[in-house]
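Below is model.cif, which holds mmCIF, C-alpha atoms.
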data_data
#
loop_
_atom_site.group_PDB
_atom_site.id
_atom_site.type_symbol
_atom_site.label_atom_id
_atom_site.label_comp_id
_atom_site.auth_asym_id
_atom_site.auth_seq_id
_atom_site.Cartn_x
_atom_site.Cartn_y
_atom_site.Cartn_z
ATOM 1 C CA MET B 73 -89.072 -35.836 13.714
ATOM 2 C CA GLU B 74 -85.677 -35.361 12.065
ATOM 3 C CA LEU B 75 -85.169 -38.376 9.818
ATOM 4 C CA LEU B 76 -81.485 -37.658 9.132
ATOM 5 C CA LYS B 77 -80.360 -36.262 12.476
ATOM 6 C CA GLY B 78 -76.573 -36.381 12.723
ATOM 7 C CA LYS B 79 -76.078 -37.713 9.192
ATOM 8 C CA ILE B 80 -73.553 -36.256 6.742
ATOM 9 C CA ALA B 81 -74.554 -35.866 3.089
ATOM 10 C CA MET B 82 -72.941 -34.711 -0.132
ATOM 11 C CA VAL B 83 -75.249 -33.567 -2.951
ATOM 12 C CA THR B 84 -73.925 -32.931 -6.458
ATOM 13 C CA GLY B 85 -75.898 -30.511 -8.588
ATOM 14 C CA GLY B 86 -77.150 -29.102 -5.315
ATOM 15 C CA THR B 87 -77.325 -25.392 -6.140
ATOM 16 C CA ARG B 88 -80.734 -25.299 -7.819
ATOM 17 C CA GLY B 89 -83.837 -27.241 -8.799
ATOM 18 C CA ILE B 90 -84.208 -30.766 -7.467
ATOM 19 C CA GLY B 91 -80.714 -30.760 -5.974
ATOM 20 C CA TYR B 92 -81.346 -27.613 -3.958
ATOM 21 C CA ALA B 93 -84.663 -29.029 -2.726
ATOM 22 C CA ILE B 94 -82.812 -32.150 -1.564
ATOM 23 C CA VAL B 95 -80.207 -30.070 0.263
ATOM 24 C CA LYS B 96 -82.854 -27.974 1.987
ATOM 25 C CA LEU B 97 -84.919 -30.993 3.041
ATOM 26 C CA TYR B 98 -81.873 -32.835 4.349
ATOM 27 C CA LEU B 99 -80.906 -29.808 6.451
ATOM 28 C CA GLU B 100 -84.458 -29.527 7.755
ATOM 29 C CA ASN B 101 -84.207 -33.166 8.831
ATOM 30 C CA GLY B 102 -81.022 -32.717 10.828
ATOM 31 C CA ALA B 103 -78.284 -33.601 8.349
ATOM 32 C CA SER B 104 -75.118 -31.667 7.629
ATOM 33 C CA VAL B 105 -74.676 -31.171 3.883
ATOM 34 C CA ALA B 106 -71.908 -30.462 1.402
ATOM 35 C CA ILE B 107 -73.347 -28.763 -1.684
ATOM 36 C CA CYS B 108 -71.445 -29.482 -4.896
ATOM 37 C CA GLY B 109 -71.948 -27.183 -7.876
ATOM 38 C CA SER B 110 -70.239 -26.573 -11.199
ATOM 39 C CA ARG B 111 -69.235 -22.987 -10.400
ATOM 40 C CA GLN B 112 -68.136 -21.246 -7.206
ATOM 41 C CA GLU B 113 -70.556 -18.407 -7.971
ATOM 42 C CA THR B 114 -73.621 -20.655 -7.938
ATOM 43 C CA VAL B 115 -72.376 -22.546 -4.877
ATOM 44 C CA ASP B 116 -71.908 -19.297 -2.952
ATOM 45 C CA LYS B 117 -75.341 -18.072 -4.012
ATOM 46 C CA ALA B 118 -77.002 -21.266 -2.749
ATOM 47 C CA LEU B 119 -75.085 -21.102 0.539
ATOM 48 C CA ASP B 120 -76.011 -17.460 1.081
ATOM 49 C CA LYS B 121 -79.690 -18.184 0.442
ATOM 50 C CA LEU B 122 -79.765 -21.142 2.834
ATOM 51 C CA LYS B 123 -77.978 -19.256 5.603
ATOM 52 C CA ALA B 124 -80.091 -16.119 5.142
ATOM 53 C CA GLU B 125 -83.317 -18.095 5.450
ATOM 54 C CA ASN B 126 -82.044 -20.338 8.259
ATOM 55 C CA PRO B 127 -79.014 -18.930 10.136
ATOM 56 C CA GLU B 128 -78.896 -22.095 12.251
ATOM 57 C CA TYR B 129 -77.689 -24.022 9.185
ATOM 58 C CA ALA B 130 -74.406 -22.068 9.050
ATOM 59 C CA ASP B 131 -72.385 -24.744 10.847
ATOM 60 C CA ARG B 132 -74.031 -27.625 8.984
ATOM 61 C CA VAL B 133 -73.538 -26.700 5.340
ATOM 62 C CA ILE B 134 -70.486 -26.186 3.145
ATOM 63 C CA GLY B 135 -70.001 -25.614 -0.568
ATOM 64 C CA LEU B 136 -67.631 -27.292 -3.034
ATOM 65 C CA CYS B 137 -67.177 -27.077 -6.799
ATOM 66 C CA PRO B 138 -65.127 -30.071 -7.966
ATOM 67 C CA ASP B 139 -64.978 -31.042 -11.634
ATOM 68 C CA LEU B 140 -67.010 -34.238 -11.387
ATOM 69 C CA GLN B 141 -65.457 -35.561 -14.589
ATOM 70 C CA LYS B 142 -62.024 -35.692 -12.920
ATOM 71 C CA PRO B 143 -61.696 -38.578 -10.428
ATOM 72 C CA GLU B 144 -58.934 -36.846 -8.485
ATOM 73 C CA GLU B 145 -61.127 -33.784 -7.858
ATOM 74 C CA VAL B 146 -64.021 -35.994 -6.778
ATOM 75 C CA GLU B 147 -61.783 -37.841 -4.332
ATOM 76 C CA LYS B 148 -60.526 -34.512 -2.967
ATOM 77 C CA ALA B 149 -64.110 -33.292 -2.460
ATOM 78 C CA VAL B 150 -65.078 -36.457 -0.598
ATOM 79 C CA ALA B 151 -61.949 -36.128 1.542
ATOM 80 C CA THR B 152 -62.917 -32.531 2.352
ATOM 81 C CA VAL B 153 -66.365 -33.635 3.490
ATOM 82 C CA LYS B 154 -64.826 -36.283 5.730
ATOM 83 C CA GLU B 155 -62.282 -33.834 7.145
ATOM 84 C CA THR B 156 -64.990 -31.249 7.830
ATOM 85 C CA PHE B 157 -67.713 -33.436 9.295
ATOM 86 C CA GLY B 158 -65.877 -36.633 10.255
ATOM 87 C CA ARG B 159 -67.704 -39.042 7.944
ATOM 88 C CA LEU B 160 -69.930 -39.369 4.875
ATOM 89 C CA ASP B 161 -73.261 -41.150 5.268
ATOM 90 C CA ILE B 162 -75.164 -40.140 2.124
ATOM 91 C CA CYS B 163 -73.902 -39.427 -1.387
ATOM 92 C CA VAL B 164 -76.496 -38.007 -3.778
ATOM 93 C CA ASN B 165 -75.396 -38.084 -7.417
ATOM 94 C CA ASN B 166 -77.780 -35.504 -8.828
ATOM 95 C CA ALA B 167 -75.642 -33.476 -11.252
ATOM 96 C CA GLY B 168 -76.490 -34.053 -14.894
ATOM 97 C CA VAL B 169 -77.201 -32.507 -18.250
ATOM 98 C CA SER B 170 -80.089 -33.108 -20.673
ATOM 99 C CA ALA B 171 -79.995 -33.377 -24.452
ATOM 100 C CA ARG B 172 -82.379 -32.761 -27.365
ATOM 101 C CA GLU B 173 -80.239 -33.202 -30.487
ATOM 102 C CA SER B 174 -81.460 -35.224 -33.457
ATOM 103 C CA LEU B 175 -79.546 -38.397 -34.228
ATOM 104 C CA TYR B 176 -78.899 -37.105 -37.755
ATOM 105 C CA THR B 177 -76.975 -34.077 -36.541
ATOM 106 C CA TYR B 178 -75.632 -35.429 -33.236
ATOM 107 C CA LYS B 179 -71.918 -34.762 -32.895
ATOM 108 C CA PRO B 180 -69.945 -37.602 -31.272
ATOM 109 C CA GLU B 181 -68.303 -35.182 -28.849
ATOM 110 C CA GLU B 182 -71.735 -33.958 -27.677
ATOM 111 C CA PHE B 183 -72.848 -37.529 -27.044
ATOM 112 C CA ALA B 184 -69.615 -38.238 -25.174
ATOM 113 C CA SER B 185 -69.971 -35.071 -23.088
ATOM 114 C CA THR B 186 -73.442 -36.054 -21.878
ATOM 115 C CA MET B 187 -72.286 -39.547 -20.998
ATOM 116 C CA ALA B 188 -69.236 -38.176 -19.175
ATOM 117 C CA LEU B 189 -71.268 -36.125 -16.708
ATOM 118 C CA ASN B 190 -74.363 -38.307 -16.443
ATOM 119 C CA VAL B 191 -72.580 -41.664 -16.138
ATOM 120 C CA ASN B 192 -68.834 -41.360 -15.586
ATOM 121 C CA ALA B 193 -69.229 -38.747 -12.848
ATOM 122 C CA VAL B 194 -71.774 -40.928 -11.044
ATOM 123 C CA PHE B 195 -69.251 -43.769 -11.113
ATOM 124 C CA TYR B 196 -66.429 -41.558 -9.813
ATOM 125 C CA CYS B 197 -68.541 -40.155 -6.963
ATOM 126 C CA SER B 198 -69.944 -43.554 -6.029
ATOM 127 C CA GLN B 199 -66.475 -45.107 -5.960
ATOM 128 C CA ALA B 200 -64.975 -42.349 -3.799
ATOM 129 C CA ALA B 201 -67.949 -42.318 -1.424
ATOM 130 C CA ALA B 202 -68.105 -46.110 -1.128
ATOM 131 C CA LYS B 203 -64.476 -46.286 0.020
ATOM 132 C CA VAL B 204 -65.253 -43.955 2.933
ATOM 133 C CA MET B 205 -68.559 -45.671 3.704
ATOM 134 C CA LYS B 206 -66.993 -49.127 3.802
ATOM 135 C CA GLU B 207 -64.398 -47.957 6.333
ATOM 136 C CA GLN B 208 -67.049 -46.453 8.610
ATOM 137 C CA GLY B 209 -69.414 -49.431 8.400
ATOM 138 C CA GLY B 210 -72.010 -48.380 5.822
ATOM 139 C CA GLY B 211 -73.823 -45.607 4.031
ATOM 140 C CA VAL B 212 -76.251 -44.688 1.284
ATOM 141 C CA ILE B 213 -75.656 -43.818 -2.368
ATOM 142 C CA LEU B 214 -78.558 -42.244 -4.269
ATOM 143 C CA ASN B 215 -78.643 -41.467 -7.987
ATOM 144 C CA THR B 216 -80.921 -39.238 -10.030
ATOM 145 C CA SER B 217 -82.339 -41.164 -12.958
ATOM 146 C CA SER B 218 -85.298 -40.063 -15.095
ATOM 147 C CA MET B 219 -88.632 -41.243 -16.441
ATOM 148 C CA VAL B 220 -86.953 -41.402 -19.872
ATOM 149 C CA SER B 221 -84.746 -44.192 -18.529
ATOM 150 C CA ILE B 222 -87.909 -46.275 -18.673
ATOM 151 C CA TYR B 223 -89.733 -44.868 -21.711
ATOM 152 C CA GLY B 224 -86.984 -43.268 -23.789
ATOM 153 C CA GLN B 225 -87.475 -39.956 -25.585
ATOM 154 C CA PRO B 226 -87.841 -38.963 -29.256
ATOM 155 C CA SER B 227 -84.573 -37.001 -29.513
ATOM 156 C CA GLY B 228 -81.355 -36.363 -27.619
ATOM 157 C CA VAL B 229 -80.606 -40.069 -27.354
ATOM 158 C CA ALA B 230 -77.580 -39.534 -25.091
ATOM 159 C CA TYR B 231 -79.810 -38.464 -22.196
ATOM 160 C CA PRO B 232 -82.054 -41.542 -21.939
ATOM 161 C CA THR B 233 -79.043 -43.723 -22.740
ATOM 162 C CA SER B 234 -77.155 -42.194 -19.830
ATOM 163 C CA LYS B 235 -80.080 -42.679 -17.483
ATOM 164 C CA PHE B 236 -80.522 -46.309 -18.555
ATOM 165 C CA ALA B 237 -76.845 -46.637 -17.571
ATOM 166 C CA VAL B 238 -77.506 -44.986 -14.204
ATOM 167 C CA ASN B 239 -80.214 -47.567 -13.522
ATOM 168 C CA GLY B 240 -77.844 -50.402 -14.375
ATOM 169 C CA LEU B 241 -75.103 -48.911 -12.225
ATOM 170 C CA THR B 242 -77.560 -48.499 -9.352
ATOM 171 C CA LYS B 243 -78.799 -52.085 -9.427
ATOM 172 C CA SER B 244 -75.315 -53.536 -9.880
ATOM 173 C CA LEU B 245 -73.714 -51.484 -7.107
ATOM 174 C CA ALA B 246 -76.568 -52.428 -4.784
ATOM 175 C CA ARG B 247 -75.672 -56.079 -5.268
ATOM 176 C CA GLU B 248 -71.941 -55.471 -4.914
ATOM 177 C CA LEU B 249 -71.987 -53.087 -1.944
ATOM 178 C CA GLY B 250 -74.747 -54.674 0.113
ATOM 179 C CA ARG B 251 -72.173 -56.814 1.929
ATOM 180 C CA ASP B 252 -70.557 -53.582 3.125
ATOM 181 C CA ASN B 253 -73.881 -52.247 4.447
ATOM 182 C CA ILE B 254 -74.067 -49.661 1.654
ATOM 183 C CA ARG B 255 -77.499 -49.216 0.112
ATOM 184 C CA VAL B 256 -77.751 -47.923 -3.467
ATOM 185 C CA ASN B 257 -80.991 -46.631 -4.996
ATOM 186 C CA ALA B 258 -82.145 -44.197 -7.669
ATOM 187 C CA VAL B 259 -85.048 -41.796 -8.099
ATOM 188 C CA ALA B 260 -86.561 -41.341 -11.566
ATOM 189 C CA PRO B 261 -88.349 -37.975 -11.693
ATOM 190 C CA GLY B 262 -90.936 -37.149 -14.293
ATOM 191 C CA ILE B 263 -91.742 -33.658 -15.555
ATOM 192 C CA THR B 264 -90.714 -31.419 -12.660
ATOM 193 C CA ARG B 265 -91.052 -27.672 -12.173
ATOM 194 C CA THR B 266 -87.382 -26.800 -12.412
ATOM 195 C CA ASP B 267 -86.187 -23.470 -13.850
ATOM 196 C CA MET B 268 -86.224 -24.969 -17.338
ATOM 197 C CA VAL B 269 -89.818 -26.184 -17.106
ATOM 198 C CA ALA B 270 -91.014 -23.029 -15.330
ATOM 199 C CA ALA B 271 -89.729 -20.962 -18.256
ATOM 200 C CA LEU B 272 -91.852 -22.832 -20.784
ATOM 201 C CA PRO B 273 -94.947 -21.014 -22.134
ATOM 202 C CA GLU B 274 -98.362 -22.237 -21.013
ATOM 203 C CA GLU B 275 -99.159 -23.631 -24.465
ATOM 204 C CA MET B 276 -96.254 -26.045 -24.025
ATOM 205 C CA ILE B 277 -97.041 -26.917 -20.420
ATOM 206 C CA LYS B 278 -100.675 -27.912 -21.018
ATOM 207 C CA PRO B 279 -99.891 -30.815 -23.385
ATOM 208 C CA LEU B 280 -97.296 -32.058 -20.918
ATOM 209 C CA ILE B 281 -99.799 -32.031 -18.063
ATOM 210 C CA ALA B 282 -102.261 -33.926 -20.267
ATOM 211 C CA THR B 283 -99.894 -36.922 -20.193
ATOM 212 C CA ILE B 284 -99.859 -37.037 -16.376
ATOM 213 C CA PRO B 285 -102.744 -38.877 -14.646
ATOM 214 C CA LEU B 286 -102.316 -36.796 -11.486
ATOM 215 C CA GLY B 287 -102.978 -33.682 -13.563
ATOM 216 C CA ARG B 288 -99.949 -31.584 -12.635
ATOM 217 C CA VAL B 289 -96.215 -31.382 -13.071
ATOM 218 C CA GLY B 290 -94.101 -32.411 -10.118
ATOM 219 C CA GLU B 291 -92.495 -29.981 -7.726
ATOM 220 C CA PRO B 292 -88.818 -30.291 -6.738
ATOM 221 C CA GLU B 293 -90.040 -31.031 -3.221
ATOM 222 C CA ASP B 294 -91.985 -34.057 -4.490
ATOM 223 C CA VAL B 295 -88.756 -35.545 -5.773
ATOM 224 C CA ALA B 296 -86.754 -34.460 -2.722
ATOM 225 C CA ASN B 297 -89.202 -36.355 -0.494
ATOM 226 C CA ALA B 298 -88.251 -39.570 -2.282
ATOM 227 C CA PHE B 299 -84.562 -38.841 -1.702
ATOM 228 C CA LEU B 300 -85.312 -38.209 1.972
ATOM 229 C CA TYR B 301 -87.119 -41.520 2.366
ATOM 230 C CA LEU B 302 -84.391 -43.506 0.609
ATOM 231 C CA ALA B 303 -81.658 -41.840 2.666
ATOM 232 C CA SER B 304 -83.416 -42.485 5.959
ATOM 233 C CA ASP B 305 -83.617 -45.571 8.140
ATOM 234 C CA MET B 306 -87.219 -46.025 6.977
ATOM 235 C CA ALA B 307 -85.662 -47.487 3.811
ATOM 236 C CA SER B 308 -83.119 -49.631 5.659
ATOM 237 C CA TYR B 309 -84.177 -52.747 3.703
ATOM 238 C CA VAL B 310 -84.534 -51.020 0.338
ATOM 239 C CA THR B 311 -81.677 -51.248 -2.141
ATOM 240 C CA GLY B 312 -81.280 -51.675 -5.892
ATOM 241 C CA GLU B 313 -84.533 -49.829 -6.612
ATOM 242 C CA VAL B 314 -85.340 -47.140 -9.176
ATOM 243 C CA LEU B 315 -88.239 -45.215 -7.630
ATOM 244 C CA SER B 316 -90.422 -43.394 -10.159
ATOM 245 C CA VAL B 317 -91.745 -40.005 -9.032
ATOM 246 C CA ASP B 318 -93.648 -38.959 -12.137
ATOM 247 C CA GLY B 319 -97.375 -38.938 -11.391
ATOM 248 C CA ALA B 320 -97.641 -42.088 -13.576
ATOM 249 C CA ALA B 321 -96.810 -40.031 -16.665
ATOM 250 C CA ARG B 322 -96.795 -42.205 -19.793
ATOM 251 C CA ALA B 323 -97.272 -45.314 -17.672
#
What does the file become when written as structure tokens?
Amino acid sequence: MELLKGKIAMVTGGTRGIGYAIVKLYLENGASVAICGSRQETVDKALDKLKAENPEYADRVIGLCPDLQKPEEVEKAVATVKETFGRLDICVNNAGVSARESLYTYKPEEFASTMALNVNAVFYCSQAAAKVMKEQGGGVILNTSSMVSIYGQPSGVAYPTSKFAVNGLTKSLARELGRDNIRVNAVAPGITRTDMVAALPEEMIKPLIATIPLGRVGEPEDVANAFLYLASDMASYVTGEVLSVDGAARA
């Protein structure tokens, strides 16, 4: 059963990790997808991989690389999706950057840079997408949060701060946009086997796993499944939620 058959989605940060898993799962479930990445090189690489593995996706996937911190480029990207596929049903705000700096050495410009991508860009994309969705009668906006939006983290304060903001934006937009039949939810992944985590030595992975009751780190597909559910009609009465996908880590 294709849960997103005929739907049109845009996924930021869609060239690798969780974002790529979302793109792949959406395509498998019948959606057409616009992949947004930070560089044309990475976008092209993701497109080539998808089309090589599944040639039938060729007509249902495109690649874009707007600067998400520039509202005019975001609006242009959304317009391109609409021009290409006729509408925009699902906007996944997945692009983001992490941080580990100590408060004592944190440079204001580094803090501002993290907030710009993790918060401002989510606002710009949500605003541009919502305008299209309102005109067509509804849609879905999904944001990537994090387990640290609930528990915090011991360094790199900009990252959990930005994800707390994403949660607030999610809940507030859900209340504002519900009247326009636009659902807004977030997914808060825990420790997930992205490229960064996969590169960690085993002696660092074991202590991380020890904090997870399910006894393993998450896979990108585990998180993508949550994005699939929230984008589908199965979640037609779900909005304003931050869904944790973390194996109950630190809970």
>> Calculated over all atoms listed in the file, which of the candidates B:Cys163, B:Ala184, B:Val220, B:Leu286 has the smallest distance to Met205 (chain B)?
In response: B:Cys163
> Between B:Ser316, B:Ser227, B:Ser304, B:Asn239, which is the closest to Ile80 (chain B) once you count all atoms listed in the file?
Replying inline: B:Ser304
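All residues of protein, DNA or RNA that reach within 8 Å of Leu97 (chain B), judged by all atoms listed in the file and not counting those fewer than 4 positions away in the chain, are Ala93, Asn101, Ala296, Asn297 and Leu300 of chain B.
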> Which residues come within 8 Å of region 215-219 of chain B, counting only C-alpha atoms, excluding same-chain residues fewer than 6 positions away, as a list in words?
Replying inline: Val164, Asn165, Asn166, Ala167, Val194, Pro232, Lys235, Phe236, Val238, Asn239, Thr242, Val256, Asn257, Ala258, Val259, Ala260, Pro261, Gly262, Val314, Ser316 and Asp318 of chain B
>> Please compute the CA of Cys137 (chain B)-CA of Thr87 (chain B) distance, one decimal, in Å.
In response: 10.3 Å
>> To one decimal place in Å, what is the distance between CA of Val95 (chain B) and CA of Asp161 (chain B)?
In response: 14.0 Å
>> Need the shell around Ala246 (chain B): protein/DNA/RNA residues with any atom at most 12 Å away, counting all atoms listed in the file. Skip same-chain ones fewer than 2 positions apart. Format as a VMD selection string?
In response: chain B and resid 198 202 211 to 215 239 to 244 248 to 258 309 to 314
>> Applying the PyMOL selection byres ((chain B and resi 228) around 10) to the file I just gave you, which residues come out? Please list them as a list of chain:residue names.
In response: B:Ser170, B:Ala171, B:Arg172, B:Glu173, B:Ser174, B:Leu175, B:Tyr178, B:Glu182, B:Phe183, B:Thr186, B:Gly224, B:Gln225, B:Pro226, B:Ser227, B:Val229, B:Ala230, B:Tyr231, B:Pro232, B:Thr233
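Minimum distance to Val153 (chain B) across B:Met306, B:Ala320, B:Ala298, B:Val83 (counting all atoms listed in the file) occurs at B:Val83.
Nearest to Asp120 (chain B) of all the residues B:Ile134, B:Phe195, B:Ala201, B:Glu274 is B:Ile134, counting all atoms listed in the file.
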> Please, what distance in Å, to one decimal, runs between CA of Gly290 (chain B) and CA of Gly319 (chain B)?
Replying inline: 7.4 Å
>> Measuring between all atoms listed in the file, which one of B:Thr266, B:Asn192, B:Ser308, B:Thr152 shows the shortest distance to Pro138 (chain B)?
In response: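 Counting all atoms listed in the file, the residue closest to Pro138 (chain B) is B:Thr152.
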> Which is closer to Val150 (chain B) than all the others in B:Gly168, B:Ala81, B:Tyr176, B:Gly89, using all atoms listed in the file?
Replying inline: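 Among the listed residues, B:Ala81 lies closest to Val150 (chain B).
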